[in-house]
>>> print(open('coords28.tsv').read())   # TSV, N, CA and C atoms
chain	number	residue	atom	x	y	z
X	1340	MET	N	-19.57	-12.78	-12.12
X	1340	MET	CA	-18.38	-11.95	-12.22
X	1340	MET	C	-18.11	-11.72	-13.70
X	1341	SER	N	-17.99	-10.47	-14.08
X	1341	SER	CA	-17.74	-10.18	-15.48
X	1341	SER	C	-16.25	-10.00	-15.73
X	1342	ASP	N	-15.82	-10.50	-16.86
X	1342	ASP	CA	-14.42	-10.38	-17.25
X	1342	ASP	C	-14.28	-9.29	-18.30
X	1343	VAL	N	-13.21	-8.54	-18.17
X	1343	VAL	CA	-12.88	-7.52	-19.17
X	1343	VAL	C	-11.46	-7.80	-19.59
X	1344	GLY	N	-11.29	-8.20	-20.82
X	1344	GLY	CA	-9.96	-8.51	-21.31
X	1344	GLY	C	-9.30	-9.62	-20.52
X	1345	GLY	N	-10.09	-10.57	-20.00
X	1345	GLY	CA	-9.55	-11.68	-19.24
X	1345	GLY	C	-9.34	-11.36	-17.77
X	1346	ILE	N	-9.76	-10.16	-17.32
X	1346	ILE	CA	-9.58	-9.76	-15.93
X	1346	ILE	C	-10.94	-9.78	-15.23
X	1347	ALA	N	-10.99	-10.42	-14.08
X	1347	ALA	CA	-12.22	-10.49	-13.30
X	1347	ALA	C	-12.43	-9.12	-12.64
X	1348	ARG	N	-13.37	-8.36	-13.16
X	1348	ARG	CA	-13.60	-6.97	-12.74
X	1348	ARG	C	-13.90	-6.88	-11.25
X	1349	ASP	N	-14.80	-7.70	-10.74
X	1349	ASP	CA	-15.19	-7.62	-9.33
X	1349	ASP	C	-14.03	-7.95	-8.40
X	1350	ARG	N	-13.28	-8.97	-8.76
X	1350	ARG	CA	-12.13	-9.36	-7.94
X	1350	ARG	C	-11.09	-8.26	-7.92
X	1351	LEU	N	-10.83	-7.67	-9.07
X	1351	LEU	CA	-9.87	-6.57	-9.17
X	1351	LEU	C	-10.32	-5.38	-8.31
X	1352	ARG	N	-11.60	-5.03	-8.42
X	1352	ARG	CA	-12.13	-3.92	-7.63
X	1352	ARG	C	-11.97	-4.20	-6.14
X	1353	THR	N	-12.27	-5.41	-5.70
X	1353	THR	CA	-12.14	-5.79	-4.29
X	1353	THR	C	-10.70	-5.65	-3.81
X	1354	ILE	N	-9.77	-6.10	-4.62
X	1354	ILE	CA	-8.35	-6.01	-4.25
X	1354	ILE	C	-7.91	-4.55	-4.14
X	1355	VAL	N	-8.29	-3.73	-5.11
X	1355	VAL	CA	-7.91	-2.33	-5.10
X	1355	VAL	C	-8.51	-1.62	-3.88
X	1356	GLU	N	-9.76	-1.91	-3.57
X	1356	GLU	CA	-10.41	-1.29	-2.41
X	1356	GLU	C	-9.74	-1.71	-1.11
X	1357	ARG	N	-9.33	-2.97	-1.00
X	1357	ARG	CA	-8.61	-3.42	0.19
X	1357	ARG	C	-7.30	-2.68	0.35
X	1358	ILE	N	-6.58	-2.53	-0.76
X	1358	ILE	CA	-5.30	-1.81	-0.73
X	1358	ILE	C	-5.53	-0.36	-0.30
X	1359	GLU	N	-6.57	0.27	-0.83
X	1359	GLU	CA	-6.86	1.65	-0.46
X	1359	GLU	C	-7.17	1.78	1.02
X	1360	ARG	N	-7.97	0.85	1.57
X	1360	ARG	CA	-8.28	0.89	3.00
X	1360	ARG	C	-7.02	0.71	3.84
X	1361	LEU	N	-6.16	-0.22	3.44
X	1361	LEU	CA	-4.92	-0.44	4.18
X	1361	LEU	C	-4.01	0.77	4.11
X	1362	GLU	N	-3.96	1.44	2.96
X	1362	GLU	CA	-3.16	2.66	2.83
X	1362	GLU	C	-3.68	3.74	3.77
X	1363	GLU	N	-5.01	3.85	3.89
X	1363	GLU	CA	-5.59	4.82	4.82
X	1363	GLU	C	-5.22	4.49	6.26
X	1364	GLU	N	-5.28	3.20	6.61
X	1364	GLU	CA	-4.90	2.78	7.96
X	1364	GLU	C	-3.42	3.07	8.22
X	1365	LYS	N	-2.59	2.82	7.21
X	1365	LYS	CA	-1.15	3.07	7.35
X	1365	LYS	C	-0.89	4.55	7.61
X	1366	THR	N	-1.61	5.41	6.89
X	1366	THR	CA	-1.47	6.85	7.08
X	1366	THR	C	-1.87	7.25	8.50
X	1367	ALA	N	-2.97	6.69	8.98
X	1367	ALA	CA	-3.43	6.99	10.33
X	1367	ALA	C	-2.43	6.50	11.37
X	1368	LEU	N	-1.90	5.29	11.17
X	1368	LEU	CA	-0.91	4.75	12.10
X	1368	LEU	C	0.37	5.58	12.09
X	1369	SER	N	0.78	6.02	10.92
X	1369	SER	CA	1.98	6.87	10.83
X	1369	SER	C	1.79	8.16	11.61
X	1370	ALA	N	0.61	8.73	11.53
X	1370	ALA	CA	0.32	9.95	12.28
X	1370	ALA	C	0.35	9.67	13.78
X	1371	ASP	N	-0.18	8.52	14.19
X	1371	ASP	CA	-0.15	8.15	15.60
X	1371	ASP	C	1.28	7.96	16.10
X	1372	ILE	N	2.11	7.34	15.28
X	1372	ILE	CA	3.50	7.11	15.65
X	1372	ILE	C	4.24	8.45	15.79
X	1373	ARG	N	4.01	9.36	14.84
X	1373	ARG	CA	4.63	10.69	14.92
X	1373	ARG	C	4.20	11.40	16.21
X	1374	GLU	N	2.95	11.23	16.57
X	1374	GLU	CA	2.44	11.85	17.80
X	1374	GLU	C	3.14	11.30	19.04
X	1375	VAL	N	3.39	10.00	19.07
X	1375	VAL	CA	4.08	9.39	20.20
X	1375	VAL	C	5.52	9.89	20.27
X	1376	TYR	N	6.20	9.98	19.13
X	1376	TYR	CA	7.56	10.51	19.13
X	1376	TYR	C	7.57	11.96	19.59
X	1377	SER	N	6.58	12.73	19.19
X	1377	SER	CA	6.49	14.12	19.62
X	1377	SER	C	6.26	14.20	21.12
X	1378	GLU	N	5.42	13.34	21.62
X	1378	GLU	CA	5.18	13.28	23.07
X	1378	GLU	C	6.47	12.93	23.81
X	1379	ALA	N	7.19	11.95	23.29
X	1379	ALA	CA	8.45	11.54	23.91
X	1379	ALA	C	9.44	12.70	23.91
X	1380	LYS	N	9.51	13.40	22.79
X	1380	LYS	CA	10.42	14.55	22.69
X	1380	LYS	C	10.03	15.62	23.70
X	1381	GLY	N	8.72	15.81	23.88
X	1381	GLY	CA	8.24	16.79	24.83
X	1381	GLY	C	8.59	16.46	26.27
X	1382	THR	N	8.84	15.19	26.56
X	1382	THR	CA	9.22	14.79	27.91
X	1382	THR	C	10.73	14.63	28.06
X	1383	GLY	N	11.48	15.04	27.00
X	1383	GLY	CA	12.93	15.06	27.12
X	1383	GLY	C	13.67	13.93	26.44
X	1384	PHE	N	12.96	13.00	25.79
X	1384	PHE	CA	13.64	11.92	25.09
X	1384	PHE	C	14.05	12.37	23.69
X	1385	ASP	N	15.12	11.79	23.18
X	1385	ASP	CA	15.62	12.10	21.85
X	1385	ASP	C	14.92	11.17	20.85
X	1386	ALA	N	14.12	11.74	19.96
X	1386	ALA	CA	13.33	10.95	19.03
X	1386	ALA	C	14.20	10.13	18.08
X	1387	LYS	N	15.33	10.69	17.65
X	1387	LYS	CA	16.23	9.98	16.74
X	1387	LYS	C	16.77	8.71	17.41
X	1388	ILE	N	17.14	8.83	18.66
X	1388	ILE	CA	17.66	7.67	19.40
X	1388	ILE	C	16.55	6.66	19.64
X	1389	LEU	N	15.35	7.13	19.93
X	1389	LEU	CA	14.22	6.21	20.11
X	1389	LEU	C	13.96	5.42	18.83
X	1390	ARG	N	14.07	6.08	17.68
X	1390	ARG	CA	13.87	5.37	16.40
X	1390	ARG	C	14.93	4.29	16.22
X	1391	GLN	N	16.17	4.59	16.61
X	1391	GLN	CA	17.23	3.59	16.51
X	1391	GLN	C	16.95	2.41	17.44
X	1392	ILE	N	16.49	2.71	18.65
X	1392	ILE	CA	16.18	1.64	19.60
X	1392	ILE	C	15.07	0.75	19.05
X	1393	VAL	N	14.03	1.35	18.52
X	1393	VAL	CA	12.92	0.57	17.96
X	1393	VAL	C	13.42	-0.31	16.82
X	1394	ARG	N	14.28	0.26	15.95
X	1394	ARG	CA	14.83	-0.52	14.84
X	1394	ARG	C	15.68	-1.69	15.35
X	1395	LEU	N	16.51	-1.43	16.36
X	1395	LEU	CA	17.37	-2.48	16.91
X	1395	LEU	C	16.56	-3.57	17.60
X	1396	ARG	N	15.48	-3.19	18.26
X	1396	ARG	CA	14.65	-4.19	18.96
X	1396	ARG	C	13.95	-5.14	18.01
X	1397	LYS	N	13.82	-4.74	16.75
X	1397	LYS	CA	13.20	-5.62	15.75
X	1397	LYS	C	14.14	-6.77	15.36
X	1398	LEU	N	15.44	-6.57	15.59
X	1398	LEU	CA	16.43	-7.57	15.22
X	1398	LEU	C	16.53	-8.64	16.30
X	1399	ASP	N	16.89	-9.85	15.90
X	1399	ASP	CA	17.17	-10.85	16.94
X	1399	ASP	C	18.53	-10.56	17.55
X	1400	GLY	N	18.82	-11.18	18.67
X	1400	GLY	CA	20.02	-10.88	19.44
X	1400	GLY	C	21.31	-10.99	18.64
X	1401	ALA	N	21.43	-12.05	17.86
X	1401	ALA	CA	22.66	-12.28	17.10
X	1401	ALA	C	22.87	-11.19	16.04
X	1402	ASP	N	21.82	-10.83	15.34
X	1402	ASP	CA	21.93	-9.79	14.31
X	1402	ASP	C	22.26	-8.44	14.95
X	1403	ARG	N	21.64	-8.17	16.10
X	1403	ARG	CA	21.89	-6.91	16.79
X	1403	ARG	C	23.34	-6.84	17.24
X	1404	ARG	N	23.85	-7.92	17.84
X	1404	ARG	CA	25.25	-7.94	18.29
X	1404	ARG	C	26.20	-7.77	17.10
X	1405	GLU	N	25.89	-8.43	15.98
X	1405	GLU	CA	26.74	-8.31	14.81
X	1405	GLU	C	26.79	-6.87	14.31
X	1406	GLN	N	25.64	-6.21	14.26
X	1406	GLN	CA	25.62	-4.81	13.81
X	1406	GLN	C	26.38	-3.91	14.77
X	1407	GLU	N	26.21	-4.13	16.07
X	1407	GLU	CA	26.92	-3.32	17.06
X	1407	GLU	C	28.43	-3.53	16.97
X	1408	GLU	N	28.85	-4.78	16.76
X	1408	GLU	CA	30.28	-5.07	16.63
X	1408	GLU	C	30.85	-4.42	15.38
X	1409	LEU	N	30.12	-4.49	14.28
X	1409	LEU	CA	30.59	-3.86	13.05
X	1409	LEU	C	30.65	-2.34	13.20
X	1410	LEU	N	29.66	-1.78	13.83
X	1410	LEU	CA	29.67	-0.34	14.07
X	1410	LEU	C	30.88	0.06	14.90
X	1411	ASP	N	31.15	-0.69	15.98
X	1411	ASP	CA	32.32	-0.41	16.81
X	1411	ASP	C	33.61	-0.54	16.01
X	1412	LEU	N	33.70	-1.56	15.17
X	1412	LEU	CA	34.88	-1.78	14.35
X	1412	LEU	C	35.09	-0.61	13.38
X	1413	TYR	N	34.02	-0.20	12.71
X	1413	TYR	CA	34.12	0.91	11.76
X	1413	TYR	C	34.50	2.20	12.48
X	1414	LYS	N	33.91	2.45	13.63
X	1414	LYS	CA	34.25	3.66	14.39
X	1414	LYS	C	35.71	3.63	14.81
X	1415	LEU	N	36.20	2.47	15.22
X	1415	LEU	CA	37.58	2.34	15.61
X	1415	LEU	C	38.49	2.60	14.40
X	1416	ALA	N	38.13	2.04	13.25
X	1416	ALA	CA	38.93	2.23	12.03
X	1416	ALA	C	38.98	3.70	11.63
X	1417	LEU	N	37.93	4.42	11.90
X	1417	LEU	CA	37.86	5.83	11.54
X	1417	LEU	C	38.29	6.74	12.68
X	1418	GLU	N	38.85	6.12	13.73
X	1418	GLU	CA	39.35	6.84	14.90
X	1418	GLU	C	38.29	7.75	15.49
X	1419	MET	N	37.09	7.20	15.64
X	1419	MET	CA	35.98	7.96	16.21
X	1419	MET	C	35.83	7.68	17.71
X	1420	GLU	N	36.62	6.79	18.25
X	1420	GLU	CA	36.55	6.50	19.67
X	1420	GLU	C	37.88	6.73	20.33
>>> encode(input="coords28.tsv", output="structure tokens")
Amino acid sequence: MSDVGGIARDRLRTIVERIERLEEEKTALSADIREVYSEAKGTGFDAKILRQIVRLRKLDGADRREQEELLDLYKLALEME
């Protein structure tokens, strides 16, 4: 392994190439996700609401309840209900 200015060239190249491959995979996955949302929209589902549901499902129960309670409180304070 050759060093350039104290940097292991081969190791650096390997890391950069891994990041590039992962970025390509991320791009492909993002396109797949957009396609699923488009499919859902085509069958009558609201994509914006589906995104909210997916985001909420990532939270554990306590965090989700806390967010919902705060949202309800803020809406009540703003006379939205």
>>> atom_distance(input="coords28.tsv", atom1="atom CA of Ala1401 of chain X", atom2="atom CA of Leu1417 of chain X")
24.3 Å
>>> residues_around(input="coords28.tsv", residues="segment 1371-1376 of chain X", least_positions_apart="3", cutoff="10 Å", atoms="only C-alpha atoms", output="MDAnalysis selection string")
chainID X and resid 1365:1368 1379:1382 1384:1387 1389:1390
>>> write_last_selection(input="coords28.tsv", atoms="N, CA and C atoms", output="PDB file, in the frame of the given file")
ATOM      1  N   LYS X1365      -2.590   2.820   7.210  1.00  0.00           N
ATOM      2  CA  LYS X1365      -1.150   3.070   7.350  1.00  0.00           C
ATOM      3  C   LYS X1365      -0.890   4.550   7.610  1.00  0.00           C
ATOM      4  N   THR X1366      -1.610   5.410   6.890  1.00  0.00           N
ATOM      5  CA  THR X1366      -1.470   6.850   7.080  1.00  0.00           C
ATOM      6  C   THR X1366      -1.870   7.250   8.500  1.00  0.00           C
ATOM      7  N   ALA X1367      -2.970   6.690   8.980  1.00  0.00           N
ATOM      8  CA  ALA X1367      -3.430   6.990  10.330  1.00  0.00           C
ATOM      9  C   ALA X1367      -2.430   6.500  11.370  1.00  0.00           C
ATOM     10  N   LEU X1368      -1.900   5.290  11.170  1.00  0.00           N
ATOM     11  CA  LEU X1368      -0.910   4.750  12.100  1.00  0.00           C
ATOM     12  C   LEU X1368       0.370   5.580  12.090  1.00  0.00           C
ATOM     13  N   ALA X1379       7.190  11.950  23.290  1.00  0.00           N
ATOM     14  CA  ALA X1379       8.450  11.540  23.910  1.00  0.00           C
ATOM     15  C   ALA X1379       9.440  12.700  23.910  1.00  0.00           C
ATOM     16  N   LYS X1380       9.510  13.400  22.790  1.00  0.00           N
ATOM     17  CA  LYS X1380      10.420  14.550  22.690  1.00  0.00           C
ATOM     18  C   LYS X1380      10.030  15.620  23.700  1.00  0.00           C
ATOM     19  N   GLY X1381       8.720  15.810  23.880  1.00  0.00           N
ATOM     20  CA  GLY X1381       8.240  16.790  24.830  1.00  0.00           C
ATOM     21  C   GLY X1381       8.590  16.460  26.270  1.00  0.00           C
ATOM     22  N   THR X1382       8.840  15.190  26.560  1.00  0.00           N
ATOM     23  CA  THR X1382       9.220  14.790  27.910  1.00  0.00           C
ATOM     24  C   THR X1382      10.730  14.630  28.060  1.00  0.00           C
ATOM     25  N   PHE X1384      12.960  13.000  25.790  1.00  0.00           N
ATOM     26  CA  PHE X1384      13.640  11.920  25.090  1.00  0.00           C
ATOM     27  C   PHE X1384      14.050  12.370  23.690  1.00  0.00           C
ATOM     28  N   ASP X1385      15.120  11.790  23.180  1.00  0.00           N
ATOM     29  CA  ASP X1385      15.620  12.100  21.850  1.00  0.00           C
ATOM     30  C   ASP X1385      14.920  11.170  20.850  1.00  0.00           C
ATOM     31  N   ALA X1386      14.120  11.740  19.960  1.00  0.00           N
ATOM     32  CA  ALA X1386      13.330  10.950  19.030  1.00  0.00           C
ATOM     33  C   ALA X1386      14.200  10.130  18.080  1.00  0.00           C
ATOM     34  N   LYS X1387      15.330  10.690  17.650  1.00  0.00           N
ATOM     35  CA  LYS X1387      16.230   9.980  16.740  1.00  0.00           C
ATOM     36  C   LYS X1387      16.770   8.710  17.410  1.00  0.00           C
ATOM     37  N   LEU X1389      15.350   7.130  19.930  1.00  0.00           N
ATOM     38  CA  LEU X1389      14.220   6.210  20.110  1.00  0.00           C
ATOM     39  C   LEU X1389      13.960   5.420  18.830  1.00  0.00           C
ATOM     40  N   ARG X1390      14.070   6.080  17.680  1.00  0.00           N
ATOM     41  CA  ARG X1390      13.870   5.370  16.400  1.00  0.00           C
ATOM     42  C   ARG X1390      14.930   4.290  16.220  1.00  0.00           C
TER      43      ARG X1390
END
>>> atom_distance(input="coords28.tsv", atom1="atom CA of Asp1399 of chain X", atom2="atom C of Glu1362 of chain X")
28.7 Å
>>> select_by_dssp(input="coords28.tsv", residues="chain X", states="strand (DSSP E or B)", output="number ranges by chain")
X: 1342-1343, 1346-1347
>>> atom_distance(input="coords28.tsv", atom1="atom N of Arg1352 of chain X", atom2="atom C of Ser1369 of chain X")
27.5 Å
>>> select_by_dssp(input="coords28.tsv", residues="segment 1342-1384 of chain X", states="alpha helix (DSSP H)", output="JSON, numbers by chain")
{"X": [1348, 1349, 1350, 1351, 1352, 1353, 1354, 1355, 1356, 1357, 1358, 1359, 1360, 1361, 1362, 1363, 1364, 1365, 1366, 1367, 1368, 1369, 1370, 1371, 1372, 1373, 1374, 1375, 1376, 1377, 1378, 1379, 1380, 1381]}
>>> axis_aligned_box(input="coords28.tsv", around="segment 1349-1361 of chain X", padding_each_side="3 Å", output="AutoDock Vina command-line options")
--center_x -9.6 --center_y -3.8 --center_z -3.3 --size_x 17.2 --size_y 17.1 --size_z 20.9
>>> decode(input="coords28.tsv", residues="chain X", atoms="C-alpha atoms", output="PDB file, in the first residue's frame")
ATOM      1  CA  MET X1340       0.000   0.000   0.000  1.00  0.00           C
ATOM      2  CA  SER X1341       1.518   3.295  -1.008  1.00  0.00           C
ATOM      3  CA  ASP X1342       1.153   6.395   1.096  1.00  0.00           C
ATOM      4  CA  VAL X1343       0.782   9.871  -0.331  1.00  0.00           C
ATOM      5  CA  GLY X1344       1.199  12.620   2.202  1.00  0.00           C
ATOM      6  CA  GLY X1345       0.512  10.113   4.986  1.00  0.00           C
ATOM      7  CA  ILE X1346      -2.680   8.821   3.325  1.00  0.00           C
ATOM      8  CA  ALA X1347      -3.011   5.175   2.353  1.00  0.00           C
ATOM      9  CA  ARG X1348      -3.947   5.534  -1.331  1.00  0.00           C
ATOM     10  CA  ASP X1349      -5.469   2.061  -1.791  1.00  0.00           C
ATOM     11  CA  ARG X1350      -7.558   2.277   1.361  1.00  0.00           C
ATOM     12  CA  LEU X1351      -8.827   5.722   0.391  1.00  0.00           C
ATOM     13  CA  ARG X1352      -9.720   4.524  -3.109  1.00  0.00           C
ATOM     14  CA  THR X1353     -11.609   1.523  -1.651  1.00  0.00           C
ATOM     15  CA  ILE X1354     -13.603   3.748   0.690  1.00  0.00           C
ATOM     16  CA  VAL X1355     -14.492   6.225  -2.058  1.00  0.00           C
ATOM     17  CA  GLU X1356     -15.575   3.411  -4.400  1.00  0.00           C
ATOM     18  CA  ARG X1357     -17.772   1.886  -1.679  1.00  0.00           C
ATOM     19  CA  ILE X1358     -19.428   5.252  -1.088  1.00  0.00           C
ATOM     20  CA  GLU X1359     -20.015   5.671  -4.819  1.00  0.00           C
ATOM     21  CA  ARG X1360     -21.631   2.218  -5.083  1.00  0.00           C
ATOM     22  CA  LEU X1361     -23.863   2.944  -2.101  1.00  0.00           C
ATOM     23  CA  GLU X1362     -24.882   6.294  -3.604  1.00  0.00           C
ATOM     24  CA  GLU X1363     -25.862   4.481  -6.815  1.00  0.00           C
ATOM     25  CA  GLU X1364     -27.908   1.971  -4.811  1.00  0.00           C
ATOM     26  CA  LYS X1365     -29.566   4.811  -2.893  1.00  0.00           C
ATOM     27  CA  THR X1366     -30.525   6.486  -6.171  1.00  0.00           C
ATOM     28  CA  ALA X1367     -32.010   3.241  -7.482  1.00  0.00           C
ATOM     29  CA  LEU X1368     -33.922   2.660  -4.239  1.00  0.00           C
ATOM     30  CA  SER X1369     -35.258   6.215  -4.294  1.00  0.00           C
ATOM     31  CA  ALA X1370     -36.565   5.638  -7.804  1.00  0.00           C
ATOM     32  CA  ASP X1371     -38.211   2.391  -6.670  1.00  0.00           C
ATOM     33  CA  ILE X1372     -39.852   4.159  -3.731  1.00  0.00           C
ATOM     34  CA  ARG X1373     -41.168   6.937  -6.007  1.00  0.00           C
ATOM     35  CA  GLU X1374     -42.597   4.250  -8.276  1.00  0.00           C
ATOM     36  CA  VAL X1375     -44.448   2.607  -5.372  1.00  0.00           C
ATOM     37  CA  TYR X1376     -45.896   5.960  -4.276  1.00  0.00           C
ATOM     38  CA  SER X1377     -46.973   6.603  -7.858  1.00  0.00           C
ATOM     39  CA  GLU X1378     -48.609   3.189  -7.996  1.00  0.00           C
ATOM     40  CA  ALA X1379     -50.397   3.892  -4.712  1.00  0.00           C
ATOM     41  CA  LYS X1380     -51.594   7.251  -6.033  1.00  0.00           C
ATOM     42  CA  GLY X1381     -52.851   5.529  -9.164  1.00  0.00           C
ATOM     43  CA  THR X1382     -55.018   3.250  -7.032  1.00  0.00           C
ATOM     44  CA  GLY X1383     -56.515   6.177  -5.115  1.00  0.00           C
ATOM     45  CA  PHE X1384     -54.226   6.518  -2.086  1.00  0.00           C
ATOM     46  CA  ASP X1385     -52.879   9.908  -1.026  1.00  0.00           C
ATOM     47  CA  ALA X1386     -49.078   9.792  -1.331  1.00  0.00           C
ATOM     48  CA  LYS X1387     -48.548  12.621   1.172  1.00  0.00           C
ATOM     49  CA  ILE X1388     -50.535  10.761   3.822  1.00  0.00           C
ATOM     50  CA  LEU X1389     -48.707   7.520   3.041  1.00  0.00           C
ATOM     51  CA  ARG X1390     -45.388   9.311   3.609  1.00  0.00           C
ATOM     52  CA  GLN X1391     -46.650  10.522   6.987  1.00  0.00           C
ATOM     53  CA  ILE X1392     -47.753   7.004   7.917  1.00  0.00           C
ATOM     54  CA  VAL X1393     -44.360   5.567   6.963  1.00  0.00           C
ATOM     55  CA  ARG X1394     -42.618   8.269   9.024  1.00  0.00           C
ATOM     56  CA  LEU X1395     -44.874   7.623  12.031  1.00  0.00           C
ATOM     57  CA  ARG X1396     -44.373   3.853  11.840  1.00  0.00           C
ATOM     58  CA  LYS X1397     -40.631   4.383  12.255  1.00  0.00           C
ATOM     59  CA  LEU X1398     -41.269   5.842  15.714  1.00  0.00           C
ATOM     60  CA  ASP X1399     -41.815   3.721  18.783  1.00  0.00           C
ATOM     61  CA  GLY X1400     -45.256   3.865  20.381  1.00  0.00           C
ATOM     62  CA  ALA X1401     -44.391   6.379  23.094  1.00  0.00           C
ATOM     63  CA  ASP X1402     -42.752   8.836  20.693  1.00  0.00           C
ATOM     64  CA  ARG X1403     -45.644   8.511  18.257  1.00  0.00           C
ATOM     65  CA  ARG X1404     -48.234   9.162  20.993  1.00  0.00           C
ATOM     66  CA  GLU X1405     -46.237  12.158  22.226  1.00  0.00           C
ATOM     67  CA  GLN X1406     -46.119  13.676  18.735  1.00  0.00           C
ATOM     68  CA  GLU X1407     -49.827  13.062  18.183  1.00  0.00           C
ATOM     69  CA  GLU X1408     -50.692  14.630  21.550  1.00  0.00           C
ATOM     70  CA  LEU X1409     -48.541  17.674  20.817  1.00  0.00           C
ATOM     71  CA  LEU X1410     -50.078  18.030  17.376  1.00  0.00           C
ATOM     72  CA  ASP X1411     -53.575  17.869  18.893  1.00  0.00           C
ATOM     73  CA  LEU X1412     -52.593  20.427  21.538  1.00  0.00           C
ATOM     74  CA  TYR X1413     -51.153  22.831  18.948  1.00  0.00           C
ATOM     75  CA  LYS X1414     -54.203  22.456  16.716  1.00  0.00           C
ATOM     76  CA  LEU X1415     -56.468  23.142  19.672  1.00  0.00           C
ATOM     77  CA  ALA X1416     -54.415  26.230  20.618  1.00  0.00           C
ATOM     78  CA  LEU X1417     -54.744  27.503  17.059  1.00  0.00           C
ATOM     79  CA  GLU X1418     -58.469  26.715  17.011  1.00  0.00           C
ATOM     80  CA  MET X1419     -58.058  24.281  14.140  1.00  0.00           C
ATOM     81  CA  GLU X1420     -60.486  21.752  15.581  1.00  0.00           C
TER      82      GLU X1420
END
